[in-house]
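Undergrad: You'll find work-v4.cif just under this line, and it carries mmCIF, C-alpha atoms.
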```
data_model
loop_
_atom_site.label_atom_id
_atom_site.label_comp_id
_atom_site.auth_asym_id
_atom_site.auth_seq_id
_atom_site.Cartn_x
_atom_site.Cartn_y
_atom_site.Cartn_z
CA MET F 5 53.57 95.97 248.83
CA ASP F 6 52.22 99.47 248.20
CA LEU F 7 55.37 100.87 249.77
CA LEU F 8 57.61 98.91 247.41
CA PHE F 9 55.57 100.04 244.41
CA GLU F 10 55.63 103.67 245.54
CA TYR F 11 59.44 103.66 245.86
CA ARG F 12 60.07 101.28 242.95
CA VAL F 13 62.30 103.74 241.07
CA PHE F 14 64.48 104.28 244.15
CA LEU F 15 64.77 100.55 244.80
CA LEU F 16 65.39 99.83 241.13
CA SER F 17 68.35 102.23 241.17
CA GLY F 18 69.78 100.22 244.06
CA LEU F 19 69.22 96.97 242.19
CA ILE F 20 71.00 98.33 239.11
CA GLU F 21 73.92 99.39 241.29
CA THR F 22 74.03 95.88 242.81
CA LEU F 23 74.05 94.29 239.35
CA LYS F 24 76.90 96.59 238.29
CA MET F 25 78.88 95.69 241.40
CA SER F 26 78.20 91.99 240.86
CA ALA F 27 79.50 92.15 237.29
CA VAL F 28 82.60 94.12 238.35
CA VAL F 29 83.53 91.82 241.25
CA ALA F 30 82.93 88.69 239.13
CA LEU F 31 85.25 89.93 236.38
CA GLY F 32 87.72 91.54 238.78
CA GLY F 33 87.81 88.49 241.03
CA THR F 34 88.42 86.19 238.08
CA PHE F 35 91.19 88.45 236.77
CA CYS F 36 92.88 88.52 240.19
CA ALA F 37 92.45 84.76 240.53
CA ILE F 38 94.21 84.15 237.21
CA LEU F 39 97.10 86.46 238.13
CA LEU F 40 97.53 84.88 241.56
CA THR F 41 97.29 81.37 240.10
CA MET F 42 100.10 82.22 237.70
CA GLY F 43 102.10 83.39 240.70
CA ILE F 44 101.55 80.39 242.98
CA THR F 45 102.24 77.95 240.13
CA ALA F 46 105.31 79.82 238.85
CA LYS F 47 108.67 78.07 238.90
CA PRO F 48 110.76 80.92 240.40
CA ARG F 49 110.78 80.17 244.12
CA LEU F 50 110.63 83.82 245.23
CA LEU F 51 107.57 84.60 243.09
CA ASN F 52 105.89 81.38 244.18
CA ARG F 53 106.37 82.03 247.89
CA ALA F 54 105.39 85.70 247.66
CA SER F 55 102.21 84.87 245.72
CA TYR F 56 101.29 82.11 248.15
CA ALA F 57 101.81 84.43 251.15
CA LEU F 58 99.63 87.11 249.54
CA VAL F 59 96.88 84.58 248.80
CA GLU F 60 96.88 83.30 252.37
CA LEU F 61 96.87 86.84 253.78
CA LEU F 62 93.86 87.86 251.71
CA ARG F 63 91.99 84.65 252.43
CA ASP F 64 92.56 84.88 256.18
CA LEU F 65 91.33 88.46 256.51
CA PRO F 66 87.58 88.83 257.14
CA LEU F 67 85.92 90.34 254.09
CA MET F 68 84.40 93.15 256.15
CA VAL F 69 87.87 94.12 257.39
CA THR F 70 89.19 94.10 253.82
CA VAL F 71 86.39 96.42 252.67
CA LEU F 72 87.04 98.85 255.53
CA LEU F 73 90.82 98.76 255.00
CA VAL F 74 90.49 99.58 251.32
CA TYR F 75 87.95 102.35 251.91
CA PHE F 76 89.74 104.10 254.79
CA MET F 77 93.42 103.39 254.11
CA LEU F 78 93.75 103.87 250.35
CA PRO F 79 93.10 107.64 250.64
CA MET F 80 96.17 107.81 252.93
CA THR F 81 98.27 106.67 249.97
CA GLY F 82 96.79 109.34 247.72
CA LEU F 83 94.48 106.95 245.91
CA GLY F 84 90.96 107.91 246.88
CA LEU F 85 88.13 105.75 245.55
CA ASN F 86 84.41 106.29 245.90
CA PRO F 87 82.38 103.74 247.92
CA PHE F 88 81.41 101.79 244.78
CA TRP F 89 84.95 101.17 243.56
CA SER F 90 86.39 100.72 247.06
CA CYS F 91 83.93 97.93 247.73
CA CYS F 92 84.47 96.36 244.30
CA LEU F 93 88.26 96.39 244.72
CA ALA F 94 88.12 94.83 248.19
CA ILE F 95 85.71 92.08 247.15
CA SER F 96 87.64 91.41 243.93
CA VAL F 97 91.00 90.84 245.63
CA TRP F 98 89.37 88.70 248.32
CA GLY F 99 87.55 86.67 245.68
CA GLY F 100 90.71 86.44 243.59
CA ALA F 101 92.65 84.94 246.50
CA ASN F 102 89.99 82.28 247.06
CA GLY F 103 89.55 81.72 243.33
CA ALA F 104 93.30 81.21 242.89
CA GLN F 105 93.23 78.17 245.16
CA ILE F 106 90.25 76.76 243.24
CA LEU F 107 92.05 77.20 239.92
CA ARG F 108 95.29 75.76 241.30
CA ALA F 109 93.52 72.67 242.63
CA GLY F 110 91.70 72.18 239.34
CA LEU F 111 94.85 72.40 237.26
CA ALA F 112 96.69 70.10 239.67
CA SER F 113 93.97 67.46 239.22
CA VAL F 114 95.13 66.90 235.63
CA GLY F 115 97.95 64.37 235.49
CA LYS F 116 101.43 65.43 234.47
CA GLY F 117 101.35 62.81 231.72
CA GLN F 118 98.70 64.81 229.87
CA ARG F 119 101.01 67.81 229.57
CA GLU F 120 103.94 65.61 228.61
CA THR F 121 101.88 64.00 225.86
CA ALA F 122 100.81 67.42 224.58
CA ALA F 123 104.44 68.53 224.53
CA ALA F 124 105.35 65.39 222.58
CA PHE F 125 102.84 66.44 219.91
CA GLY F 126 104.47 69.85 219.69
CA PHE F 127 101.95 71.83 221.74
CA GLY F 128 103.27 74.97 223.38
CA PRO F 129 102.43 75.92 227.01
CA VAL F 130 99.45 78.12 226.08
CA LYS F 131 98.04 75.63 223.61
CA THR F 132 98.47 72.82 226.13
CA LEU F 133 96.67 74.84 228.79
CA LEU F 134 93.73 75.81 226.58
CA LEU F 135 93.24 72.55 224.67
CA VAL F 136 94.41 69.84 227.08
CA THR F 137 94.71 70.90 230.72
CA LEU F 138 91.85 73.36 231.14
CA PRO F 139 89.06 71.26 229.54
CA GLN F 140 89.93 68.37 231.87
CA ALA F 141 90.21 70.66 234.90
CA MET F 142 86.89 72.45 234.34
CA PRO F 143 84.68 69.75 235.96
CA VAL F 144 86.77 70.20 239.11
CA ILE F 145 86.89 74.00 238.90
CA VAL F 146 83.32 74.92 237.98
CA PRO F 147 81.31 73.76 241.06
CA PRO F 148 83.41 75.53 243.74
CA TYR F 149 83.97 78.55 241.51
CA VAL F 150 80.23 78.98 240.99
CA GLY F 151 79.86 78.87 244.76
CA LEU F 152 82.51 81.58 245.01
CA LEU F 153 80.68 83.76 242.48
CA THR F 154 77.45 83.53 244.46
CA ALA F 155 79.40 84.52 247.59
CA LEU F 156 80.82 87.53 245.74
CA VAL F 157 77.34 88.63 244.66
CA GLN F 158 76.14 88.36 248.24
CA ALA F 159 79.22 90.26 249.43
CA THR F 160 78.21 93.32 247.38
CA SER F 161 75.75 94.03 250.19
CA LEU F 162 78.78 95.08 252.27
CA GLY F 163 78.81 98.21 250.13
CA ALA F 164 76.09 99.51 252.43
CA VAL F 165 78.70 99.74 255.21
CA VAL F 166 80.82 102.28 253.31
CA GLY F 167 77.91 104.13 251.70
CA ALA F 168 77.62 102.53 248.26
CA GLN F 169 74.07 103.06 247.04
CA GLU F 170 73.39 99.40 246.27
CA LEU F 171 70.20 97.48 246.98
CA LEU F 172 70.70 96.91 250.71
CA ARG F 173 71.62 100.56 251.30
CA THR F 174 68.57 101.83 249.43
CA GLY F 175 66.46 99.46 251.50
CA GLN F 176 67.97 100.83 254.71
CA VAL F 177 67.28 104.41 253.63
CA LEU F 178 63.69 103.52 252.75
CA ILE F 179 63.16 101.87 256.14
CA GLU F 180 64.61 104.86 258.02
CA GLN F 181 62.56 107.43 256.11
CA THR F 182 59.33 105.46 256.41
CA THR F 183 59.85 104.87 260.13
CA ILE F 184 60.45 108.59 260.75
CA MET F 185 57.59 109.82 258.55
CA GLN F 186 54.92 107.19 259.27
CA GLY F 187 55.99 105.72 262.60
CA GLY F 188 55.87 102.07 261.56
CA SER F 189 58.90 100.09 260.45
CA PRO F 190 58.61 98.22 257.12
CA ALA F 191 61.85 96.34 257.79
CA TYR F 192 60.28 92.90 257.39
CA LEU F 193 58.79 93.77 254.01
CA VAL F 194 61.85 95.56 252.63
CA TYR F 195 64.50 93.12 253.87
CA GLY F 196 62.34 90.17 252.83
CA SER F 197 62.10 91.56 249.30
CA ILE F 198 65.86 92.15 249.19
CA LEU F 199 66.39 88.55 250.32
CA VAL F 200 64.26 87.32 247.42
CA VAL F 201 66.28 89.40 244.95
CA TYR F 202 69.62 88.02 246.16
CA PHE F 203 68.22 84.50 246.22
CA THR F 204 67.05 84.88 242.61
CA LEU F 205 70.42 86.24 241.44
CA CYS F 206 72.37 83.45 243.12
CA THR F 207 69.97 80.80 241.83
CA LEU F 208 70.44 82.04 238.25
CA ILE F 209 74.22 81.89 238.66
CA SER F 210 73.97 78.34 240.04
CA LEU F 211 71.77 77.23 237.13
CA VAL F 212 74.20 78.65 234.57
CA GLY F 213 77.09 77.02 236.43
CA ALA F 214 75.32 73.65 236.45
CA ARG F 215 74.80 73.91 232.69
CA ILE F 216 78.48 74.71 232.13
CA GLU F 217 79.48 71.82 234.36
CA ARG F 218 77.30 69.39 232.40
CA HIS F 219 78.91 70.60 229.19
CA PHE F 220 82.41 69.77 230.40
CA LEU F 221 81.27 66.46 231.88
CA LYS F 222 79.92 65.19 228.56
CA PRO F 223 83.19 63.46 227.55
CA TYR F 224 83.10 61.52 230.83
CA SER F 225 79.47 60.43 230.64
CA ALA F 226 78.50 56.77 230.19
CA SER F 227 76.98 57.42 226.76
CA SER F 228 80.16 59.11 225.52
CA GLY F 229 82.20 56.22 226.85
CA ALA F 230 79.97 53.71 225.08
CA LEU F 231 80.26 55.63 221.80
CA ALA F 232 84.04 55.74 222.11
CA GLU F 233 84.12 52.01 222.84
CA ASP F 234 81.91 51.24 219.82
CA ARG F 235 84.14 53.38 217.63
CA ALA F 236 87.21 51.53 218.93
CA HIS F 237 85.59 48.17 218.07
CA GLU F 238 84.84 49.44 214.55
CA ILE F 239 88.45 50.48 214.08
CA ASP F 240 89.69 47.10 215.37
CA ALA F 241 87.33 45.32 212.99
CA ALA F 242 88.50 47.40 210.06
CA ILE F 243 92.13 46.66 210.89
CA SER F 244 91.38 42.92 211.14
CA VAL F 245 89.69 42.91 207.73
CA ARG F 246 92.63 44.65 206.09
CA THR F 247 95.10 42.21 207.60
#
```
Take the structure from the file and write it as C-alpha cells.
TA:
Amino acid sequence: MDLLFEYRVFLLSGLIETLKMSAVVALGGTFCAILLTMGITAKPRLLNRASYALVELLRDLPLMVTVLLVYFMLPMTGLGLNPFWSCCLAISVWGGANGAQILRAGLASVGKGQRETAAAFGFGPVKTLLLVTLPQAMPVIVPPYVGLLTALVQATSLGAVVGAQELLRTGQVLIEQTTIMQGGSPAYLVYGSILVVYFTLCTLISLVGARIERHFLKPYSASSGALAEDRAHEIDAAISVRT
C-alpha cells in the first residue's frame, strides 16, 4: 500500500484519463447507436440494408481489432488521432453498433397500435416517439444498455495497447519501473487495485441503471395497477349516479 500512496498522483492521473474516456465512449456510443438505429429502422430499403450491414460488420469485429485498425489505419487516410481519441472512436463505434440493436429491439417491443393511436390523436413522429413509444420501450432497453455501458467502461483499458495513459497503462508503467528499480514485482497489488476501481465504476453504473429501470417500471407495478383500477371504479360510479 505504501507504493500506491507514493505514486498516488501518477495513478490518479491515469484514473482521471479513464474517467474522461468512459464519459466520451458512453456519449459517443449512444450517439452512434441513435444514428445507426435511425438507419436500420428507416423505410428506404437501400439505407436500411446499408445500415444493417454496417452494424453487423462492427459487431462481428473483435474490439481489440477495431482499436488497432482505427489507430494504425486512420493516419493512412490523413486523419491522425492521438491514442486517447483513437481508442475512444473505436470503442464508440463498436458500442454504437451493439447499442443500435438494443434500441431497435426496445422500440420494436412497443405494439404498432400504440403509434397508430398516437397518430389518431394528432401526434407527430417525434412527439409519438418521445411521449408514447420511448417510455414504454425503456424497461426493455435499460437493462441490456446498462450492461453495454459497463462493457464500454471496461473496454477503455484497451487504450493501454495503443499507448493511452489511462489507469491500466499507468499501472503497467509503475510495475515496470518498480521491478527494474527495486527488483520485486508489485503486479498483484497494482492490478488488484485497478480491478477494484473498475469494479466500483461498473457497480455505480449498474446502481444508477437499476434506479432508472425502476422509474420506468412504475406504471406497470401492481400498486399503480390497483390505483388505476380504483380510479376506473370511481369514474364508473360517477357515471352511474349521473344516469
Undergrad: Between atom CA of F:Leu39 and atom CA of F:Leu135, what is the distance, to one decimal in Å?
TA: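 If I compute the distance from atom CA of F:Leu39 to atom CA of F:Leu135, I get 19.7 Å.
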Undergrad: Counting only C-alpha atoms, which residue out of F:Leu208, F:Ala122, F:Met77, F:Cys92 sits closest to F:Ser161?
TA: F:Cys92
Undergrad: For a quick check of understanding, using only C-alpha atoms, which of F:Ala104, F:Thr160, F:Val130, F:Ile38 has the smallest distance to F:Leu67?
TA: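 Residue with the minimum atom-to-atom distance to F:Leu67: F:Thr160.
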Undergrad: Quick one, how far is atom CA of F:Val201 from atom CA of F:Gly18?
TA: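 Straight-line distance from atom CA of F:Val201 to atom CA of F:Gly18 works out to 11.4 Å.
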Undergrad: Counting only C-alpha atoms, which residue out of F:Glu120, F:Glu60, F:Glu10, F:Glu180 sits closest to F:Ala101?
TA: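 Distance minimum relative to F:Ala101 lands on F:Glu60.
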Undergrad: So how many Å separate atom CA of F:Val71 and atom CA of F:Met25, to one decimal?
TA: 13.6 Å
Undergrad: Measuring atom to atom with all atoms listed in the file, identify which of F:Gln118, F:Ser17, F:Ser26, F:Gln105 is nearest to F:Ile44.
TA: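 Selected residue with least distance to F:Ile44: F:Gln105.
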Undergrad: As a check of understanding, name the residues that the PyMOL selection byres ((chain F and resi 207) around 12) selects in the supplied structure, as a ChimeraX atom specification.
TA: /F:150-151,153-155,157-158,200-206,208-214
Undergrad: Could you tell me, as a PyMOL selection string, exactly which residues end up selected when the PyMOL selection byres ((chain F and resi 194) around 9) is applied to this structure?
TA: chain F and resi 7-8+175-176+178-179+190-193+195-199
Undergrad: Could you list, as a count of residues only, every residue matched by the PyMOL selection byres ((chain F and resi 35) around 12) in this structure?
TA: 24
Undergrad: Compare F:Ile20, F:Val136, F:Leu78, F:Ile106 by their minimum atom-to-atom distance to F:Tyr149, counting all atoms listed in the file, and give me the closest one.
TA: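 Looking only at the distances to F:Tyr149, the closest residue turns out to be F:Ile106.
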Undergrad: Taking all atoms listed in the file into account, which of F:Lys24, F:Leu138, F:Val166, F:Val13 comes nearest F:Leu73?
TA: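 Checking each of F:Lys24, F:Leu138, F:Val166, F:Val13 against F:Leu73, counting all atoms listed in the file, the winner is F:Val166.
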Undergrad: Just save stretch 160-174 of chain F with all heavy atoms, as an mmCIF file, in the first residue's frame.
TA:
```cif
data_model
loop_
_atom_site.group_PDB
_atom_site.id
_atom_site.type_symbol
_atom_site.label_atom_id
_atom_site.label_comp_id
_atom_site.auth_asym_id
_atom_site.auth_seq_id
_atom_site.Cartn_x
_atom_site.Cartn_y
_atom_site.Cartn_z
ATOM 1 N N THR F 160 -12.232 0.634 -22.016
ATOM 2 C CA THR F 160 -11.263 1.733 -22.044
ATOM 3 C C THR F 160 -9.872 1.259 -21.656
ATOM 4 O O THR F 160 -8.876 1.914 -21.989
ATOM 5 C CB THR F 160 -11.690 2.873 -21.098
ATOM 6 O OG1 THR F 160 -11.816 2.367 -19.755
ATOM 7 C CG2 THR F 160 -13.024 3.466 -21.531
ATOM 8 N N SER F 161 -9.790 0.123 -20.984
ATOM 9 C CA SER F 161 -8.476 -0.425 -20.623
ATOM 10 C C SER F 161 -7.677 -0.834 -21.859
ATOM 11 O O SER F 161 -6.450 -0.980 -21.786
ATOM 12 C CB SER F 161 -8.638 -1.621 -19.687
ATOM 13 O OG SER F 161 -9.372 -2.660 -20.309
ATOM 14 N N LEU F 162 -8.356 -1.010 -23.007
ATOM 15 C CA LEU F 162 -7.650 -1.335 -24.244
ATOM 16 C C LEU F 162 -6.803 -0.163 -24.731
ATOM 17 O O LEU F 162 -5.955 -0.330 -25.613
ATOM 18 C CB LEU F 162 -8.639 -1.738 -25.340
ATOM 19 C CG LEU F 162 -9.402 -3.049 -25.107
ATOM 20 C CD1 LEU F 162 -10.406 -3.280 -26.218
ATOM 21 C CD2 LEU F 162 -8.437 -4.219 -25.012
ATOM 22 N N GLY F 163 -7.036 1.008 -24.162
ATOM 23 C CA GLY F 163 -6.206 2.151 -24.507
ATOM 24 C C GLY F 163 -4.742 1.915 -24.189
ATOM 25 O O GLY F 163 -3.850 2.514 -24.810
ATOM 26 N N ALA F 164 -4.484 1.041 -23.213
ATOM 27 C CA ALA F 164 -3.098 0.723 -22.859
ATOM 28 C C ALA F 164 -2.353 0.096 -24.028
ATOM 29 O O ALA F 164 -1.131 0.227 -24.144
ATOM 30 C CB ALA F 164 -3.073 -0.214 -21.653
ATOM 31 N N VAL F 165 -3.082 -0.582 -24.926
ATOM 32 C CA VAL F 165 -2.448 -1.266 -26.055
ATOM 33 C C VAL F 165 -1.861 -0.267 -27.048
ATOM 34 O O VAL F 165 -0.804 -0.513 -27.654
ATOM 35 C CB VAL F 165 -3.472 -2.187 -26.759
ATOM 36 C CG1 VAL F 165 -2.854 -2.857 -27.973
ATOM 37 C CG2 VAL F 165 -4.004 -3.224 -25.793
ATOM 38 N N VAL F 166 -2.533 0.882 -27.219
ATOM 39 C CA VAL F 166 -2.066 1.881 -28.188
ATOM 40 C C VAL F 166 -1.368 3.056 -27.515
ATOM 41 O O VAL F 166 -1.047 4.045 -28.171
ATOM 42 C CB VAL F 166 -3.246 2.374 -29.054
ATOM 43 C CG1 VAL F 166 -3.764 1.254 -29.936
ATOM 44 C CG2 VAL F 166 -4.368 2.936 -28.191
ATOM 45 N N GLY F 167 -1.165 2.971 -26.200
ATOM 46 C CA GLY F 167 -0.377 3.991 -25.515
ATOM 47 C C GLY F 167 -1.153 5.084 -24.827
ATOM 48 O O GLY F 167 -0.541 6.073 -24.379
ATOM 49 N N ALA F 168 -2.481 4.976 -24.733
ATOM 50 C CA ALA F 168 -3.254 5.972 -23.988
ATOM 51 C C ALA F 168 -2.903 5.868 -22.502
ATOM 52 O O ALA F 168 -2.872 4.772 -21.948
ATOM 53 C CB ALA F 168 -4.746 5.755 -24.206
ATOM 54 N N GLN F 169 -2.667 7.002 -21.870
ATOM 55 C CA GLN F 169 -2.204 6.996 -20.482
ATOM 56 C C GLN F 169 -3.385 6.882 -19.511
ATOM 57 O O GLN F 169 -3.592 7.739 -18.668
ATOM 58 C CB GLN F 169 -1.394 8.265 -20.201
ATOM 59 C CG GLN F 169 -0.108 8.364 -21.000
ATOM 60 C CD GLN F 169 0.848 7.205 -20.716
ATOM 61 O OE1 GLN F 169 1.067 6.859 -19.570
ATOM 62 N NE2 GLN F 169 1.410 6.636 -21.771
ATOM 63 N N GLU F 170 -4.164 5.810 -19.673
ATOM 64 C CA GLU F 170 -5.286 5.590 -18.758
ATOM 65 C C GLU F 170 -4.811 4.752 -17.568
ATOM 66 O O GLU F 170 -3.613 4.505 -17.407
ATOM 67 C CB GLU F 170 -6.467 4.959 -19.495
ATOM 68 C CG GLU F 170 -6.113 3.823 -20.431
ATOM 69 C CD GLU F 170 -5.784 2.552 -19.711
ATOM 70 O OE1 GLU F 170 -6.607 2.100 -18.919
ATOM 71 O OE2 GLU F 170 -4.695 2.008 -19.932
ATOM 72 N N LEU F 171 -5.748 4.308 -16.747
ATOM 73 C CA LEU F 171 -5.386 3.693 -15.474
ATOM 74 C C LEU F 171 -4.543 2.432 -15.644
ATOM 75 O O LEU F 171 -3.546 2.246 -14.933
ATOM 76 C CB LEU F 171 -6.665 3.377 -14.685
ATOM 77 C CG LEU F 171 -6.469 2.814 -13.274
ATOM 78 C CD1 LEU F 171 -5.686 3.782 -12.409
ATOM 79 C CD2 LEU F 171 -7.826 2.511 -12.635
ATOM 80 N N LEU F 172 -4.936 1.550 -16.558
ATOM 81 C CA LEU F 172 -4.186 0.314 -16.736
ATOM 82 C C LEU F 172 -2.764 0.589 -17.215
ATOM 83 O O LEU F 172 -1.806 -0.049 -16.756
ATOM 84 C CB LEU F 172 -4.902 -0.602 -17.723
ATOM 85 C CG LEU F 172 -4.230 -1.950 -17.989
ATOM 86 C CD1 LEU F 172 -4.125 -2.772 -16.705
ATOM 87 C CD2 LEU F 172 -4.995 -2.731 -19.054
ATOM 88 N N ARG F 173 -2.611 1.545 -18.132
ATOM 89 C CA ARG F 173 -1.286 1.875 -18.649
ATOM 90 C C ARG F 173 -0.391 2.448 -17.554
ATOM 91 O O ARG F 173 0.792 2.093 -17.460
ATOM 92 C CB ARG F 173 -1.415 2.867 -19.803
ATOM 93 C CG ARG F 173 -0.078 3.279 -20.423
ATOM 94 C CD ARG F 173 0.689 2.080 -20.904
ATOM 95 N NE ARG F 173 2.008 2.447 -21.406
ATOM 96 C CZ ARG F 173 2.993 1.580 -21.584
ATOM 97 N NH1 ARG F 173 2.811 0.299 -21.305
ATOM 98 N NH2 ARG F 173 4.160 1.979 -22.031
ATOM 99 N N THR F 174 -0.937 3.341 -16.733
ATOM 100 C CA THR F 174 -0.134 3.888 -15.634
ATOM 101 C C THR F 174 0.263 2.787 -14.658
ATOM 102 O O THR F 174 1.370 2.798 -14.119
ATOM 103 C CB THR F 174 -0.898 4.990 -14.890
ATOM 104 O OG1 THR F 174 -2.161 4.472 -14.425
ATOM 105 C CG2 THR F 174 -1.175 6.181 -15.789
#
```
